[in-house]
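Student: You'll find coords_34.txt just under this line, and it carries compact mmCIF, N, CA and C atoms.
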```
# COMPACT_ATOMS: atom_id res chain seq x y z
N MET A 1 64.64 26.98 128.05
CA MET A 1 63.98 28.17 127.60
C MET A 1 63.23 27.83 126.31
N ARG A 2 61.95 27.63 126.42
CA ARG A 2 61.12 27.28 125.26
C ARG A 2 60.48 28.54 124.69
N ASN A 3 60.38 28.58 123.38
CA ASN A 3 59.67 29.66 122.71
C ASN A 3 59.22 29.16 121.34
N THR A 4 58.66 30.03 120.53
CA THR A 4 58.15 29.64 119.22
C THR A 4 59.26 29.04 118.35
N VAL A 5 60.44 29.63 118.39
CA VAL A 5 61.55 29.15 117.56
C VAL A 5 62.00 27.76 118.00
N THR A 6 62.16 27.55 119.30
CA THR A 6 62.60 26.23 119.76
C THR A 6 61.56 25.17 119.43
N ASP A 7 60.30 25.51 119.59
CA ASP A 7 59.24 24.55 119.25
C ASP A 7 59.22 24.25 117.75
N MET A 8 59.38 25.27 116.93
CA MET A 8 59.33 25.10 115.48
C MET A 8 60.50 24.24 114.98
N LEU A 9 61.68 24.43 115.56
CA LEU A 9 62.87 23.73 115.08
C LEU A 9 63.20 22.45 115.85
N GLY A 10 62.48 22.21 116.93
CA GLY A 10 62.74 21.00 117.71
C GLY A 10 64.05 21.05 118.47
N ILE A 11 64.40 22.24 118.97
CA ILE A 11 65.63 22.40 119.75
C ILE A 11 65.27 22.78 121.18
N ASP A 12 66.24 22.66 122.09
CA ASP A 12 65.98 22.93 123.51
C ASP A 12 66.19 24.39 123.89
N VAL A 13 67.15 25.03 123.25
CA VAL A 13 67.48 26.43 123.57
C VAL A 13 67.64 27.22 122.27
N PRO A 14 67.30 28.52 122.28
CA PRO A 14 67.41 29.32 121.06
C PRO A 14 68.83 29.82 120.81
N ILE A 15 69.73 28.87 120.63
CA ILE A 15 71.12 29.18 120.35
C ILE A 15 71.48 28.59 118.99
N PHE A 16 72.03 29.45 118.11
CA PHE A 16 72.41 29.03 116.77
C PHE A 16 73.91 29.26 116.61
N ALA A 17 74.57 28.31 115.97
CA ALA A 17 76.00 28.46 115.69
C ALA A 17 76.23 28.17 114.22
N PHE A 18 76.66 29.19 113.50
CA PHE A 18 76.99 29.04 112.09
C PHE A 18 78.50 28.83 112.02
N SER A 19 78.92 27.68 111.50
CA SER A 19 80.34 27.35 111.49
C SER A 19 80.70 26.55 110.24
N HIS A 20 81.95 26.70 109.81
CA HIS A 20 82.46 25.87 108.73
C HIS A 20 83.03 24.57 109.29
N CYS A 21 83.03 24.44 110.59
CA CYS A 21 83.61 23.28 111.27
C CYS A 21 82.51 22.31 111.68
N ARG A 22 82.53 21.13 111.12
CA ARG A 22 81.48 20.15 111.42
C ARG A 22 81.44 19.78 112.90
N ASP A 23 82.60 19.81 113.57
CA ASP A 23 82.65 19.48 115.00
C ASP A 23 81.84 20.47 115.83
N VAL A 24 81.94 21.75 115.48
CA VAL A 24 81.19 22.79 116.19
C VAL A 24 79.70 22.62 115.94
N VAL A 25 79.34 22.37 114.69
CA VAL A 25 77.93 22.16 114.33
C VAL A 25 77.34 21.03 115.16
N ALA A 26 78.03 19.90 115.21
CA ALA A 26 77.53 18.75 115.97
C ALA A 26 77.48 19.05 117.46
N ALA A 27 78.48 19.71 118.01
CA ALA A 27 78.51 20.00 119.45
C ALA A 27 77.36 20.89 119.86
N VAL A 28 77.07 21.92 119.07
CA VAL A 28 75.97 22.83 119.41
C VAL A 28 74.63 22.11 119.33
N SER A 29 74.44 21.31 118.29
CA SER A 29 73.18 20.57 118.19
C SER A 29 73.04 19.55 119.31
N LYS A 30 74.14 18.88 119.68
CA LYS A 30 74.09 17.93 120.80
C LYS A 30 73.73 18.63 122.11
N ALA A 31 74.16 19.89 122.25
CA ALA A 31 73.91 20.65 123.48
C ALA A 31 72.51 21.25 123.51
N GLY A 32 71.73 21.05 122.45
CA GLY A 32 70.35 21.53 122.46
C GLY A 32 70.08 22.73 121.58
N GLY A 33 71.12 23.29 120.98
CA GLY A 33 70.93 24.41 120.06
C GLY A 33 70.80 23.91 118.63
N LEU A 34 71.05 24.79 117.68
CA LEU A 34 71.01 24.40 116.27
C LEU A 34 72.33 24.77 115.63
N GLY A 35 73.14 23.76 115.35
CA GLY A 35 74.38 23.97 114.62
C GLY A 35 74.08 24.06 113.14
N VAL A 36 74.72 25.01 112.47
CA VAL A 36 74.49 25.21 111.03
C VAL A 36 75.84 25.18 110.32
N LEU A 37 75.98 24.25 109.39
CA LEU A 37 77.23 24.10 108.64
C LEU A 37 77.28 25.10 107.49
N GLY A 38 78.29 25.95 107.50
CA GLY A 38 78.52 26.87 106.39
C GLY A 38 79.20 26.11 105.26
N ALA A 39 78.45 25.80 104.22
CA ALA A 39 78.95 24.87 103.20
C ALA A 39 79.17 25.50 101.83
N VAL A 40 79.25 26.82 101.77
CA VAL A 40 79.39 27.49 100.48
C VAL A 40 80.63 27.02 99.73
N ALA A 41 81.74 26.87 100.42
CA ALA A 41 82.99 26.52 99.76
C ALA A 41 83.22 25.01 99.66
N HIS A 42 82.28 24.20 100.13
CA HIS A 42 82.44 22.75 100.07
C HIS A 42 82.26 22.25 98.63
N SER A 43 83.09 21.30 98.26
CA SER A 43 82.84 20.57 97.02
C SER A 43 81.68 19.62 97.30
N PRO A 44 81.01 19.13 96.27
CA PRO A 44 79.95 18.15 96.52
C PRO A 44 80.45 16.94 97.31
N GLU A 45 81.66 16.49 97.02
CA GLU A 45 82.21 15.34 97.72
C GLU A 45 82.46 15.65 99.20
N GLN A 46 83.05 16.82 99.49
CA GLN A 46 83.32 17.18 100.88
C GLN A 46 82.02 17.41 101.65
N LEU A 47 81.03 18.00 101.00
CA LEU A 47 79.74 18.21 101.65
C LEU A 47 79.12 16.88 102.04
N GLU A 48 79.18 15.92 101.15
CA GLU A 48 78.63 14.59 101.45
C GLU A 48 79.35 13.96 102.64
N ILE A 49 80.67 14.08 102.67
CA ILE A 49 81.46 13.53 103.78
C ILE A 49 81.07 14.20 105.10
N ASP A 50 81.02 15.52 105.10
CA ASP A 50 80.71 16.25 106.34
C ASP A 50 79.28 16.01 106.81
N LEU A 51 78.33 15.96 105.89
CA LEU A 51 76.94 15.72 106.30
C LEU A 51 76.78 14.32 106.89
N LYS A 52 77.44 13.34 106.30
CA LYS A 52 77.37 11.98 106.85
C LYS A 52 77.98 11.96 108.25
N TRP A 53 79.11 12.64 108.43
CA TRP A 53 79.76 12.67 109.73
C TRP A 53 78.85 13.31 110.77
N ILE A 54 78.24 14.44 110.43
CA ILE A 54 77.33 15.13 111.35
C ILE A 54 76.15 14.23 111.69
N GLU A 55 75.56 13.61 110.69
CA GLU A 55 74.41 12.73 110.94
C GLU A 55 74.79 11.55 111.81
N ASP A 56 75.98 10.99 111.59
CA ASP A 56 76.44 9.89 112.44
C ASP A 56 76.65 10.36 113.88
N GLU A 57 77.16 11.57 114.07
CA GLU A 57 77.38 12.13 115.40
C GLU A 57 76.07 12.42 116.13
N LEU A 58 75.09 12.96 115.40
CA LEU A 58 73.86 13.42 116.03
C LEU A 58 72.79 12.35 116.15
N GLY A 59 72.80 11.40 115.27
CA GLY A 59 71.71 10.43 115.25
C GLY A 59 70.46 11.06 114.65
N PRO A 60 69.36 10.34 114.70
CA PRO A 60 68.14 10.80 114.02
C PRO A 60 67.32 11.85 114.77
N ASP A 61 67.65 12.13 116.02
CA ASP A 61 66.77 12.98 116.84
C ASP A 61 67.22 14.43 117.00
N ARG A 62 68.41 14.77 116.54
CA ARG A 62 68.91 16.14 116.72
C ARG A 62 68.98 16.85 115.37
N PRO A 63 68.34 18.02 115.27
CA PRO A 63 68.40 18.76 114.00
C PRO A 63 69.70 19.55 113.85
N TYR A 64 70.01 19.85 112.61
CA TYR A 64 71.12 20.74 112.27
C TYR A 64 70.75 21.41 110.96
N GLY A 65 71.50 22.43 110.58
CA GLY A 65 71.21 23.14 109.34
C GLY A 65 72.43 23.17 108.43
N VAL A 66 72.17 23.54 107.17
CA VAL A 66 73.22 23.71 106.18
C VAL A 66 73.00 25.06 105.52
N ASP A 67 74.03 25.89 105.50
CA ASP A 67 73.94 27.23 104.92
C ASP A 67 74.60 27.23 103.54
N LEU A 68 73.78 27.50 102.53
CA LEU A 68 74.26 27.56 101.14
C LEU A 68 73.83 28.88 100.53
N ILE A 69 74.57 29.35 99.55
CA ILE A 69 74.13 30.50 98.77
C ILE A 69 73.42 29.96 97.54
N ILE A 70 72.16 30.30 97.41
CA ILE A 70 71.40 29.87 96.25
C ILE A 70 70.82 31.12 95.61
N PRO A 71 71.40 31.57 94.51
CA PRO A 71 70.93 32.81 93.89
C PRO A 71 69.56 32.64 93.25
N ALA A 72 68.87 33.76 93.10
CA ALA A 72 67.56 33.74 92.46
C ALA A 72 67.67 33.31 91.00
N LYS A 73 68.78 33.70 90.36
CA LYS A 73 69.02 33.30 88.98
C LYS A 73 70.34 32.55 88.93
N TYR A 74 70.42 31.54 88.10
CA TYR A 74 71.66 30.79 87.96
C TYR A 74 72.28 31.08 86.61
N ALA A 75 73.50 31.50 86.61
CA ALA A 75 74.24 31.74 85.38
C ALA A 75 75.68 31.31 85.59
N GLY A 76 75.87 30.03 85.90
CA GLY A 76 77.20 29.52 86.22
C GLY A 76 78.08 29.35 85.00
N ASP A 77 79.33 28.94 85.24
CA ASP A 77 80.25 28.73 84.13
C ASP A 77 79.87 27.46 83.36
N GLU A 78 80.59 27.17 82.32
CA GLU A 78 80.25 26.02 81.49
C GLU A 78 80.35 24.71 82.25
N GLY A 79 81.12 24.69 83.32
CA GLY A 79 81.21 23.49 84.15
C GLY A 79 80.02 23.30 85.05
N GLY A 80 79.10 24.27 85.07
CA GLY A 80 77.89 24.12 85.85
C GLY A 80 77.95 24.71 87.24
N GLY A 81 78.96 25.49 87.57
CA GLY A 81 79.02 26.03 88.92
C GLY A 81 79.68 27.38 88.98
N TYR A 82 79.70 27.93 90.17
CA TYR A 82 80.30 29.23 90.43
C TYR A 82 81.72 29.06 90.94
N THR A 83 82.57 30.00 90.62
CA THR A 83 83.88 30.09 91.27
C THR A 83 83.70 30.94 92.53
N MET A 84 84.71 30.96 93.39
CA MET A 84 84.61 31.80 94.59
C MET A 84 84.48 33.27 94.20
N ALA A 85 85.14 33.68 93.13
CA ALA A 85 85.02 35.07 92.67
C ALA A 85 83.59 35.38 92.21
N ASP A 86 82.96 34.41 91.54
CA ASP A 86 81.56 34.60 91.13
C ASP A 86 80.66 34.81 92.34
N ILE A 87 80.88 34.00 93.37
CA ILE A 87 80.06 34.12 94.58
C ILE A 87 80.31 35.47 95.25
N ALA A 88 81.57 35.87 95.35
CA ALA A 88 81.89 37.17 95.96
C ALA A 88 81.23 38.31 95.21
N ASN A 89 81.15 38.20 93.90
CA ASN A 89 80.52 39.25 93.09
C ASN A 89 79.01 39.34 93.30
N LEU A 90 78.40 38.29 93.84
CA LEU A 90 76.96 38.31 94.11
C LEU A 90 76.63 39.11 95.37
N ILE A 91 77.64 39.38 96.19
CA ILE A 91 77.42 40.09 97.45
C ILE A 91 77.57 41.59 97.19
N PRO A 92 76.54 42.37 97.51
CA PRO A 92 76.60 43.81 97.25
C PRO A 92 77.78 44.48 97.96
N GLN A 93 78.34 45.50 97.34
CA GLN A 93 79.52 46.19 97.85
C GLN A 93 79.30 46.73 99.26
N GLN A 94 78.08 47.18 99.56
CA GLN A 94 77.81 47.75 100.89
C GLN A 94 78.09 46.74 101.99
N TYR A 95 77.90 45.45 101.72
CA TYR A 95 78.18 44.43 102.73
C TYR A 95 79.69 44.22 102.88
N TRP A 96 80.42 44.25 101.76
CA TRP A 96 81.88 44.16 101.84
C TRP A 96 82.43 45.34 102.62
N ASP A 97 81.88 46.53 102.39
CA ASP A 97 82.34 47.72 103.10
C ASP A 97 82.17 47.55 104.60
N LYS A 98 81.06 46.95 105.01
CA LYS A 98 80.79 46.75 106.44
C LYS A 98 81.81 45.77 107.04
N VAL A 99 82.14 44.73 106.30
CA VAL A 99 83.11 43.75 106.77
C VAL A 99 84.47 44.39 106.96
N ASP A 100 84.82 45.31 106.07
CA ASP A 100 86.14 45.94 106.11
C ASP A 100 86.27 47.02 107.18
N GLU A 101 85.17 47.41 107.83
CA GLU A 101 85.23 48.47 108.85
C GLU A 101 86.01 48.03 110.07
```
Once more with this new file: its structure as structure tokens, please.

Tutor:
Amino acid sequence: MRNTVTDMLGIDVPIFAFSHCRDVVAAVSKAGGLGVLGAVAHSPEQLEIDLKWIEDELGPDRPYGVDLIIPAKYAGDEGGGYTMADIANLIPQQYWDKVDE
């Protein structure tokens, strides 16, 4: 099933899988969709490990994505980053309310 999205992203089918599991990301991309790694909670070291693993699994011809939260303004702690609570506070309450329904 080809369309504008599949042509633009170089995938075979318009199927996207957002997962924190690198195995799922690689499997979906291998099957012709676009696996997207949810990496918000990854440390820099773990992200590097998982990205290398995905790239080794997929080779150079299969695309995949990485989902990160990148705020318009950065005001991290003195260590240069956000805590999980900081990230949660960036999400408007209306979205939390929807999750809790």

Student: I'd like the interatomic distance between CA of Asn3 (chain A) and CA of Ile15 (chain A), to a tenth of an Å.

Tutor: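 According to the coordinates, CA of Asn3 (chain A) and CA of Ile15 (chain A) are separated by 11.7 Å.
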
Student: Write out as JSON, numbers by chain all residues of chain A that backbone DSSP assigns to strand (DSSP E).

Tutor: {"A": [16, 17, 18, 19, 34, 35, 36, 37, 38, 65, 66, 67]}

Student: Export N, CA and C atoms of the chosen residues as a PDB file, in the frame of the given file?

Tutor:
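selection_38.pdb written:
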```pdb
ATOM      1  N   PHE A  16      72.030  29.450 118.110  1.00  0.00           N
ATOM      2  CA  PHE A  16      72.410  29.030 116.770  1.00  0.00           C
ATOM      3  C   PHE A  16      73.910  29.260 116.610  1.00  0.00           C
ATOM      4  N   ALA A  17      74.570  28.310 115.970  1.00  0.00           N
ATOM      5  CA  ALA A  17      76.000  28.460 115.690  1.00  0.00           C
ATOM      6  C   ALA A  17      76.230  28.170 114.220  1.00  0.00           C
ATOM      7  N   PHE A  18      76.660  29.190 113.500  1.00  0.00           N
ATOM      8  CA  PHE A  18      76.990  29.040 112.090  1.00  0.00           C
ATOM      9  C   PHE A  18      78.500  28.830 112.020  1.00  0.00           C
ATOM     10  N   SER A  19      78.920  27.680 111.500  1.00  0.00           N
ATOM     11  CA  SER A  19      80.340  27.350 111.490  1.00  0.00           C
ATOM     12  C   SER A  19      80.700  26.550 110.240  1.00  0.00           C
ATOM     13  N   LEU A  34      71.050  24.790 117.680  1.00  0.00           N
ATOM     14  CA  LEU A  34      71.010  24.400 116.270  1.00  0.00           C
ATOM     15  C   LEU A  34      72.330  24.770 115.630  1.00  0.00           C
ATOM     16  N   GLY A  35      73.140  23.760 115.350  1.00  0.00           N
ATOM     17  CA  GLY A  35      74.380  23.970 114.620  1.00  0.00           C
ATOM     18  C   GLY A  35      74.080  24.060 113.140  1.00  0.00           C
ATOM     19  N   VAL A  36      74.720  25.010 112.470  1.00  0.00           N
ATOM     20  CA  VAL A  36      74.490  25.210 111.030  1.00  0.00           C
ATOM     21  C   VAL A  36      75.840  25.180 110.320  1.00  0.00           C
ATOM     22  N   LEU A  37      75.980  24.250 109.390  1.00  0.00           N
ATOM     23  CA  LEU A  37      77.230  24.100 108.640  1.00  0.00           C
ATOM     24  C   LEU A  37      77.280  25.100 107.490  1.00  0.00           C
ATOM     25  N   GLY A  38      78.290  25.950 107.500  1.00  0.00           N
ATOM     26  CA  GLY A  38      78.520  26.870 106.390  1.00  0.00           C
ATOM     27  C   GLY A  38      79.200  26.110 105.260  1.00  0.00           C
ATOM     28  N   GLY A  65      71.500  22.430 110.580  1.00  0.00           N
ATOM     29  CA  GLY A  65      71.210  23.140 109.340  1.00  0.00           C
ATOM     30  C   GLY A  65      72.430  23.170 108.430  1.00  0.00           C
ATOM     31  N   VAL A  66      72.170  23.540 107.170  1.00  0.00           N
ATOM     32  CA  VAL A  66      73.220  23.710 106.180  1.00  0.00           C
ATOM     33  C   VAL A  66      73.000  25.060 105.520  1.00  0.00           C
ATOM     34  N   ASP A  67      74.030  25.890 105.500  1.00  0.00           N
ATOM     35  CA  ASP A  67      73.940  27.230 104.920  1.00  0.00           C
ATOM     36  C   ASP A  67      74.600  27.230 103.540  1.00  0.00           C
TER      37      ASP A  67
END
```

Student: Just to confirm, what's the straight-line distance from CA of Lys30 (chain A) to CA of Glu45 (chain A) in Å (one decimal)?

Tutor: 24.6 Å

Student: So what do you get for CA of Asp56 (chain A) versus CA of Phe18 (chain A), distance-wise?

Tutor: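 One can read the CA of Asp56 (chain A) to CA of Phe18 (chain A) distance as 19.2 Å.
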
Student: Skipping near chain neighbours, those fewer than 5 positions away, what residues fall within 9 Å of region 78-94 of chain A using only C-alpha atoms, listed as a short mmCIF file (atom, residue, chain, number, x, y, z; two decimals) with N, CA and C atoms, in the frame of the given file?

Tutor:
```
data_model
loop_
_atom_site.label_atom_id
_atom_site.label_comp_id
_atom_site.auth_asym_id
_atom_site.auth_seq_id
_atom_site.Cartn_x
_atom_site.Cartn_y
_atom_site.Cartn_z
N VAL A 40 79.25 26.82 101.77
CA VAL A 40 79.39 27.49 100.48
C VAL A 40 80.63 27.02 99.73
N ALA A 41 81.74 26.87 100.42
CA ALA A 41 82.99 26.52 99.76
C ALA A 41 83.22 25.01 99.66
N ILE A 69 74.57 29.35 99.55
CA ILE A 69 74.13 30.50 98.77
C ILE A 69 73.42 29.96 97.54
N PRO A 71 71.40 31.57 94.51
CA PRO A 71 70.93 32.81 93.89
C PRO A 71 69.56 32.64 93.25
N VAL A 99 82.14 44.73 106.30
CA VAL A 99 83.11 43.75 106.77
C VAL A 99 84.47 44.39 106.96
#
```

Student: Can you pull out every residue from chain A that DSSP, working from the backbone, puts in helix (DSSP H, G or I), and format the result as a count of residues only?

Tutor: 45

Student: Give the centre and edge lengths of an axis-aligned box, in Å to one decimal, that holds all listed atoms of region 41-56 of chain A with 8 Å on each side, as JSON.

Tutor:
```
{"center_x": 78.9, "center_y": 18.4, "center_z": 105.1, "size_x": 24.9, "size_y": 33.0, "size_z": 33.6}
```

Student: Select, from A:Ser43, A:Asp97, A:Glu48, A:Pro63, the residue with the minimum atom-to-atom distance to Val28 (chain A), counting all atoms listed in the file.

Tutor: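 Checking each of A:Ser43, A:Asp97, A:Glu48, A:Pro63 against Val28 (chain A), counting all atoms listed in the file, the winner is A:Pro63.
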
Student: Which residue gives the smallest distance to Ala26 (chain A) among A:Glu55, A:Val5, A:Asp61, A:Val66, with only C-alpha atoms counted?

Tutor: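 Of the candidates, the smallest distance to Ala26 (chain A) is held by A:Glu55.
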
Student: Under the rule that all atoms listed in the file are counted, which of A:Pro44, A:Gly59, A:Gly38, A:Gly10 is the nearest residue to Arg22 (chain A)?

Tutor: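 Checking each candidate against Arg22 (chain A), we get A:Gly38 as the closest.
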